[in-house]
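Scroll down for the structure; my scribbles are underneath it.
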Amino acid sequence: MITPFHAKYYANELLHRKSYSSNERISSSLFDAALAINPHQIDAALFAFKSPLSKGVILADEVGLGKTIEAGLVMCQLWAERKRKQLVICPAALRKQWSLELLEKFNLPSAILESRTYNEYQKLGAQNPFDQPTIVIVSYNYASKMHPDINGISWDMVVIDEAHKLRNSYRSSNKMGQAIKQATAGRRKLLLTATPLQNNLVELYGLSTMIDEHLFGDLKSFRDNYINDPDFGDLKERLSNFCKRTLRKDVVEYVKYTERLAIVKEFTASDAEQKLYDMVSAFLQRDNTYAIPYRQKQLTTLIIRKLLASSTWALLQTLETIRDRLVSIREGVLDANSDLANLFDEDEYALIEEIIDETEDDDSLPYNEPDFDVKQLNEEIAELNSFIAIAGSIDTDTKSTTLLEALATGFEEMRSKGANRKALIFTESRRTQDYLKRFLEANGYAGRIVLFNGSNSGPETTRIYKEWVEKNKYTGRISGSPTADKRNALIEYFRDAADIMIATESAAEGVNLQFCSLVINYDLPWNPQRIEQRIGRCHRYGQKNDVVVINFINKRNYADVRVHELLDEKFSLFKGVFGSSDEVLGTVESGVDFEKRILEIYQQCRTVEEIEQEFNRLQKELEDKIQRSLRKARDTLFENFDADVHERLKLSVNKYLDRYTRHFWSLTMFELGPQAVFDNVSHTFELLDEVASSPPGRYCLIKKGTEETSGILYRMSHPLGQHVLNQALNEAVFSGKVTFDISRHTGYRISQVEQLKGQGGYLTLYKYIISSFDSEEFLLFAGFLKDGSPLAAEQCQKLFECGGFADTSYQVPPGIKKKLKAEIDIYAGATLERANQQNLVYIREEEERLDKWTKDMVLALEKELENVKLQIRETERRLRLAATTAEHAELNEKLSELNRKKRNMRARLEDNEEEIEERRRALIDDIKRRSEAQCELMELFTVEWEVI
């Protein structure tokens, strides 16, 4: 059993704020995290705490290595240190996932803010609803819209997920990036992205300006240094201070990934289906039709092409919409130039938003509207009616009957591997989604299907959502955002009740479905990044089974066959351990250009020979691009993995967490005492009565790598854990006598205490707080034996690893306390000196960084001046060779103008150099002011001790 002195020491040990330079800096968050943490994640989190002067870092691990976990470790540690003004900015689809991961993995509360919840907080009297007692989560668009409110909060940390979306934030034309930069200016940031470098090196500059405007000079100097005349060595060194990246291949020894297994289900379209395809395809290849408005031609054609390969039902509804518009034009209800209203459903439109954003508006293109031709209009209506008739005659798609075979194959594969009977079916169309639900329900899957799409509306979804809200009304899992909560309700319903989820692209980003290991691409996107996102919902870190990926190929459509070959062979999307690499996906940038090229082939090629020729050309372009892409730059700049560091981290952190666990468990037993019944083997206890608003019941001590579900997860951040820690911190013991009983100690040897058996002495414990750039706390032990021999600080610590009993009425003599205090003063002085030395390291790093920024800024001006000097020398040379008086006079005038420009630039250079140097001095002075330490020395207790 431990004593009140043990309890006071343990609580301070668990809670004291560690140094930035210590591997134990994130120990609180590591202990509280409800999952096993890998060494590279610890390394990344420690990197974020690298310096108290840093304004932020980029964590850029490859896809699937747990950047969210790394950010969660940082946020959890800050929360434990009472730095709780934290903001997460992420894509709208990821808001609920962030909220759940923070709560379930780190016990961190959060609030999702959107227009509705913002207004509700205002009605409740909140002056600025962003000022919350919890972590605030917002979408990119909402953060941009509400940037003045965000800027009004002194955030301790701003986490920006999918940060590559802000790579162009340095441009004044990038409104969203500029607004978010303004909103978070001066705040410490954590940027998360798997692709810090996609298209060109300037993107690195853009991301750096989100963190700190002084990491590089201006854009011109960055181009001069790293693009026009690249110095990768210098750039890598500078990046290493604020960007950390680990690759999947580097962690395979301790992060186990399952395989991807590809299955191709071939089918042969019926004659009616093929006839419909050929007729509609030929119709789409015409240059001018009333059916497809010129201003929407590319986008409309793209969607219809996708529907042709999706389902007859979806195509039928689209053809009817187009036909009805033409009839309205003929009857004078609509203008011939009117857009196609209601052609796309919400999910289909989401697929082309990216293309819309990256495509010039067709209005900007020259176009002469032809004379209105009623005859042509009537012919098109007749053609569409014939298409509709054929589509209406097709009761069941050949492809959908093949889906039944695919499900049977997939579920048999799941059964043989012991995996869950779950299938995730992706389609690009809401209309196809509805058709597949009806079809599957009529073929043995009634009551086993859940839909997931952009709106997540409808009677069944509403029922599932209401049941989820009722089930979770007391759990704290309801975010207040119906959109986010509906997504979570549907995912949990799929996990717990359904066999099949039929999803549109809305489920492809940010949804964790690792309990499912069968992915069926009913419609195969042409954009390889979308495919990777889809498969990545299931094939991810934490997946226990091999993931089966099933694709469909229409053997009568050669273009479809070649698309699949290209995606499979060149992008390696469907098989292997990792799927496609970032480098390969990066070559197609956003995937939009690739998708456009595929559309061009479908539109322009009419024979198998033409299709073969164009796909071969595209394949050659891709191979060349992949080979000459930014791979060299990526490898040079980001390959900095150190396996030795990770192995050392793993050993030291595990050792520290073992001590954390022992101390927290012993502390809990001591403070709760008769209020609970403890099981030391399973580390569980039964709380008999309510304590600190915590209900009675079974509590399980958090353990790494286990999924204990038979009780309430108990950790330091739990209200009961906080109660235990506060009780121990406030133990009213300052003096006494402690008897350490080594003879009854079990579990592990404490040789340093065994050596002290039969001896005694005195020891004291002080807390030393140094406040400079940040507040650091040190626990200082001093002690000696009865014969006056000194006791090392480590020996004092080891004594408290051993239980015992105490006499709290005993008072240590004043002379002894004075002697111990003198030792503590010496230790405190040495600790302050070490802290000052470390602060000097931080200051020098910052001075070096600012010196480089100064040189960047000045270099750009000097290069500009040097360019003018070169022009002067060339003009002087031409002047000496002038053949005519007129030429001589013209060159003289030009020389005079260049010399005036040179004098002006020299004056401007001197002014700018002085201004830049003044800014540098001001920044350095501010850093030095902040480095001035304030110290506080606080006695925790002083005791006489003996070992028996």
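Scheme for the structure tokens: letters A, B, ... for chains in order shown; per-chain residue numbers from 1; ligand numbers from 1 in order shown.
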Handout entry: Nearby residues (only C-alpha atoms) at most 6 Å from range 483-495 of chain A, same-chain spacing under 5 positions excluded, as an NGL selection string
Key = :A and (96 or 465 or 468)
Practice task
Write down as a PyMOL selection string the residues of range 138-262 of chain A whose backbone DSSP state falls under strand (DSSP E).
Solution key: chain A and resi 138-139+157-160+189-192+243-244+260-262
Problem - Å distance separating CA of Arg659 in chain A from CA of Tyr10 in chain A, one decimal place - result: 9.8 Å
Exercise for the section: With a distance cut-off of 7 Å and only C-alpha atoms, select the neighbouring residues of range 504-521 of chain A, excluding the residue or stretch itself and same-chain residues fewer than 4 positions from it, and output the selection as number ranges by chain. Expected result: A: 93-94, 97, 347, 410, 420, 422-430, 452-454, 495, 533-535, 537-540, 542-543, 545-551
Next, write the just-selected residues to a file, as a PDB file, in the first residue's frame, keeping C-alpha atoms as the atom set.
ATOM      1  CA  ALA A  93     -17.324  15.429 -44.671  1.00  0.00           C
ATOM      2  CA  LEU A  94     -14.663  14.859 -42.000  1.00  0.00           C
ATOM      3  CA  GLN A  97     -15.125  11.724 -37.866  1.00  0.00           C
ATOM      4  CA  ASP A 347     -24.319  13.234 -55.838  1.00  0.00           C
ATOM      5  CA  GLY A 410     -17.384 -11.760 -52.049  1.00  0.00           C
ATOM      6  CA  ASN A 420     -17.534  -9.746 -41.307  1.00  0.00           C
ATOM      7  CA  LYS A 422     -20.242  -6.738 -45.009  1.00  0.00           C
ATOM      8  CA  ALA A 423     -20.140  -5.297 -48.524  1.00  0.00           C
ATOM      9  CA  LEU A 424     -19.613  -1.648 -49.506  1.00  0.00           C
ATOM     10  CA  ILE A 425     -21.048  -1.028 -52.996  1.00  0.00           C
ATOM     11  CA  PHE A 426     -20.084   2.258 -54.682  1.00  0.00           C
ATOM     12  CA  THR A 427     -22.074   3.914 -57.461  1.00  0.00           C
ATOM     13  CA  GLU A 428     -21.708   7.377 -58.933  1.00  0.00           C
ATOM     14  CA  SER A 429     -25.465   7.949 -59.283  1.00  0.00           C
ATOM     15  CA  ARG A 430     -28.242   8.332 -56.709  1.00  0.00           C
ATOM     16  CA  PHE A 452     -25.445   6.476 -47.876  1.00  0.00           C
ATOM     17  CA  ASN A 453     -25.511   9.576 -50.103  1.00  0.00           C
ATOM     18  CA  GLY A 454     -25.165  13.342 -50.173  1.00  0.00           C
ATOM     19  CA  ARG A 495     -21.611  -2.000 -38.753  1.00  0.00           C
ATOM     20  CA  GLN A 533     -10.306   7.121 -51.599  1.00  0.00           C
ATOM     21  CA  ARG A 534     -13.052   4.517 -51.970  1.00  0.00           C
ATOM     22  CA  ILE A 535     -10.826   1.524 -51.231  1.00  0.00           C
ATOM     23  CA  ARG A 537     -12.353   3.558 -46.479  1.00  0.00           C
ATOM     24  CA  CYS A 538     -11.817  -0.152 -45.770  1.00  0.00           C
ATOM     25  CA  HIS A 539      -8.158  -0.842 -46.613  1.00  0.00           C
ATOM     26  CA  ARG A 540      -6.512   1.232 -43.913  1.00  0.00           C
ATOM     27  CA  GLY A 542      -6.474  -1.113 -38.303  1.00  0.00           C
ATOM     28  CA  GLN A 543      -8.070  -3.371 -40.932  1.00  0.00           C
ATOM     29  CA  ASN A 545      -8.580  -8.773 -42.935  1.00  0.00           C
ATOM     30  CA  ASP A 546      -7.456  -8.741 -46.528  1.00  0.00           C
ATOM     31  CA  VAL A 547      -9.698  -6.380 -48.515  1.00  0.00           C
ATOM     32  CA  VAL A 548     -11.408  -7.796 -51.588  1.00  0.00           C
ATOM     33  CA  VAL A 549     -11.996  -5.266 -54.394  1.00  0.00           C
ATOM     34  CA  ILE A 550     -14.472  -6.278 -57.113  1.00  0.00           C
ATOM     35  CA  ASN A 551     -14.755  -4.420 -60.433  1.00  0.00           C
TER      36      ASN A 551
END
Practice task
Would you mind listing what lies within 8 Å of Pro52 in chain A as a ChimeraX atom specification, with only C-alpha atoms counted and same-chain residues fewer than 2 positions away left out?
Solution key: /A:20,49-50,54,773-774,842
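The environment of Ala782 in chain A within 6 Å, counting only C-alpha atoms and disregarding residues fewer than 2 places along the same chain, consists of Leu763, Thr764 and Ala793 of chain A.
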Convert the current residue selection to file output with C-alpha atoms, as a PDB file, in the first residue's frame.
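Generated file (part_38.pdb):
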ATOM      1  CA  LEU A 763      14.696  13.266   1.789  1.00  0.00           C
ATOM      2  CA  THR A 764      12.725  16.167   0.385  1.00  0.00           C
ATOM      3  CA  ALA A 793      17.828  11.738  -6.918  1.00  0.00           C
TER       4      ALA A 793
END
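Atom pair CA of Arg187 in chain A / CA of Gly56 in chain A has a distance of 8.2 Å (rounded to one decimal).
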Can you pull out every residue within 12 Å of range 743-755 of chain A, counting only C-alpha atoms, but drop anything in the same chain fewer than 4 positions away, and send it as an mmCIF file with N, CA and C atoms, in the first residue's frame?
data_model
loop_
_atom_site.group_PDB
_atom_site.id
_atom_site.type_symbol
_atom_site.label_atom_id
_atom_site.label_comp_id
_atom_site.auth_asym_id
_atom_site.auth_seq_id
_atom_site.Cartn_x
_atom_site.Cartn_y
_atom_site.Cartn_z
ATOM 1 N N MET A 1 0.853 -1.199 0.000
ATOM 2 C CA MET A 1 0.000 0.000 0.000
ATOM 3 C C MET A 1 0.885 1.243 0.000
ATOM 4 N N ILE A 2 0.433 2.288 -0.664
ATOM 5 C CA ILE A 2 1.223 3.520 -0.693
ATOM 6 C C ILE A 2 0.761 4.451 0.429
ATOM 7 N N ASP A 658 4.809 2.309 -18.520
ATOM 8 C CA ASP A 658 4.662 1.296 -17.474
ATOM 9 C C ASP A 658 4.649 1.961 -16.100
ATOM 10 N N ARG A 659 5.548 2.913 -15.903
ATOM 11 C CA ARG A 659 5.597 3.629 -14.621
ATOM 12 C C ARG A 659 4.342 4.467 -14.418
ATOM 13 N N ARG A 662 1.505 2.141 -13.360
ATOM 14 C CA ARG A 662 1.652 1.719 -11.962
ATOM 15 C C ARG A 662 1.256 2.837 -11.006
ATOM 16 N N ASN A 680 -6.575 -6.390 -8.897
ATOM 17 C CA ASN A 680 -5.241 -6.004 -9.355
ATOM 18 C C ASN A 680 -4.781 -6.776 -10.585
ATOM 19 N N VAL A 681 -5.386 -7.926 -10.830
ATOM 20 C CA VAL A 681 -4.961 -8.737 -11.978
ATOM 21 C C VAL A 681 -5.488 -8.142 -13.282
ATOM 22 N N THR A 739 8.063 4.523 6.146
ATOM 23 C CA THR A 739 8.768 3.237 6.205
ATOM 24 C C THR A 739 8.479 2.483 4.912
ATOM 25 N N GLN A 759 18.581 0.485 6.333
ATOM 26 C CA GLN A 759 19.144 1.831 6.506
ATOM 27 C C GLN A 759 18.021 2.867 6.518
ATOM 28 N N GLY A 760 18.387 4.108 6.827
ATOM 29 C CA GLY A 760 17.418 5.192 6.883
ATOM 30 C C GLY A 760 18.088 6.519 6.609
ATOM 31 N N LEU A 791 22.234 10.905 -0.977
ATOM 32 C CA LEU A 791 21.327 9.989 -1.663
ATOM 33 C C LEU A 791 21.023 10.590 -3.032
ATOM 34 N N ALA A 792 21.294 9.834 -4.089
ATOM 35 C CA ALA A 792 21.056 10.351 -5.448
ATOM 36 C C ALA A 792 19.563 10.535 -5.682
ATOM 37 N N ALA A 793 19.238 11.473 -6.589
ATOM 38 C CA ALA A 793 17.828 11.738 -6.918
ATOM 39 C C ALA A 793 17.144 10.476 -7.433
ATOM 40 N N GLU A 794 17.861 9.668 -8.222
ATOM 41 C CA GLU A 794 17.272 8.439 -8.750
ATOM 42 C C GLU A 794 16.939 7.468 -7.625
ATOM 43 N N GLN A 795 17.795 7.423 -6.585
ATOM 44 C CA GLN A 795 17.525 6.549 -5.446
ATOM 45 C C GLN A 795 16.268 7.004 -4.703
ATOM 46 N N CYS A 796 16.086 8.321 -4.582
ATOM 47 C CA CYS A 796 14.882 8.856 -3.941
ATOM 48 C C CYS A 796 13.635 8.416 -4.721
ATOM 49 N N GLN A 797 13.717 8.536 -6.034
ATOM 50 C CA GLN A 797 12.582 8.116 -6.878
ATOM 51 C C GLN A 797 12.303 6.629 -6.694
ATOM 52 N N LYS A 798 13.338 5.820 -6.695
ATOM 53 C CA LYS A 798 13.165 4.372 -6.590
ATOM 54 C C LYS A 798 12.533 3.987 -5.252
ATOM 55 N N LEU A 799 12.837 4.728 -4.183
ATOM 56 C CA LEU A 799 12.213 4.452 -2.898
ATOM 57 C C LEU A 799 10.692 4.491 -3.007
ATOM 58 N N PHE A 800 10.173 5.437 -3.801
ATOM 59 C CA PHE A 800 8.727 5.600 -3.913
ATOM 60 C C PHE A 800 8.089 4.604 -4.894
ATOM 61 N N GLU A 801 8.935 3.733 -5.502
ATOM 62 C CA GLU A 801 8.393 2.611 -6.264
ATOM 63 C C GLU A 801 7.961 1.498 -5.313
ATOM 64 N N CYS A 802 8.400 1.609 -4.087
ATOM 65 C CA CYS A 802 8.128 0.586 -3.078
ATOM 66 C C CYS A 802 7.053 1.084 -2.120
ATOM 67 N N GLY A 803 6.070 0.232 -1.813
ATOM 68 C CA GLY A 803 5.018 0.618 -0.876
ATOM 69 C C GLY A 803 5.515 0.676 0.555
ATOM 70 N N GLY A 804 4.612 1.063 1.461
ATOM 71 C CA GLY A 804 4.996 1.139 2.867
ATOM 72 C C GLY A 804 3.907 1.766 3.694
ATOM 73 N N PHE A 805 4.315 2.388 4.795
ATOM 74 C CA PHE A 805 3.348 3.074 5.658
ATOM 75 C C PHE A 805 4.006 4.326 6.199
ATOM 76 N N TRP A 945 13.012 8.669 6.494
ATOM 77 C CA TRP A 945 12.653 7.401 5.877
ATOM 78 C C TRP A 945 13.513 6.257 6.409
ATOM 79 N N GLU A 946 13.016 5.052 6.265
ATOM 80 C CA GLU A 946 13.782 3.843 6.526
ATOM 81 C C GLU A 946 13.259 2.742 5.605
ATOM 82 N N VAL A 947 14.126 1.771 5.314
ATOM 83 C CA VAL A 947 13.744 0.632 4.481
ATOM 84 C C VAL A 947 13.801 -0.630 5.331
ATOM 85 N N ILE A 948 12.701 -1.390 5.334
ATOM 86 C CA ILE A 948 12.682 -2.635 6.106
ATOM 87 C C ILE A 948 12.458 -3.831 5.174
#
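Between CA of Leu247 in chain A and CA of Thr184 in chain A there is a distance of 29.2 Å.
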Exercise for the section: Please provide the set of residues having any atom within 9 Å of range 144-161 of chain A, restricted to only C-alpha atoms, with same-chain residues fewer than 6 positions apart removed, written as a ChimeraX atom specification. Expected result: /A:56,67-68,71,75,78,83-91,94,128-131,175-185,187-193
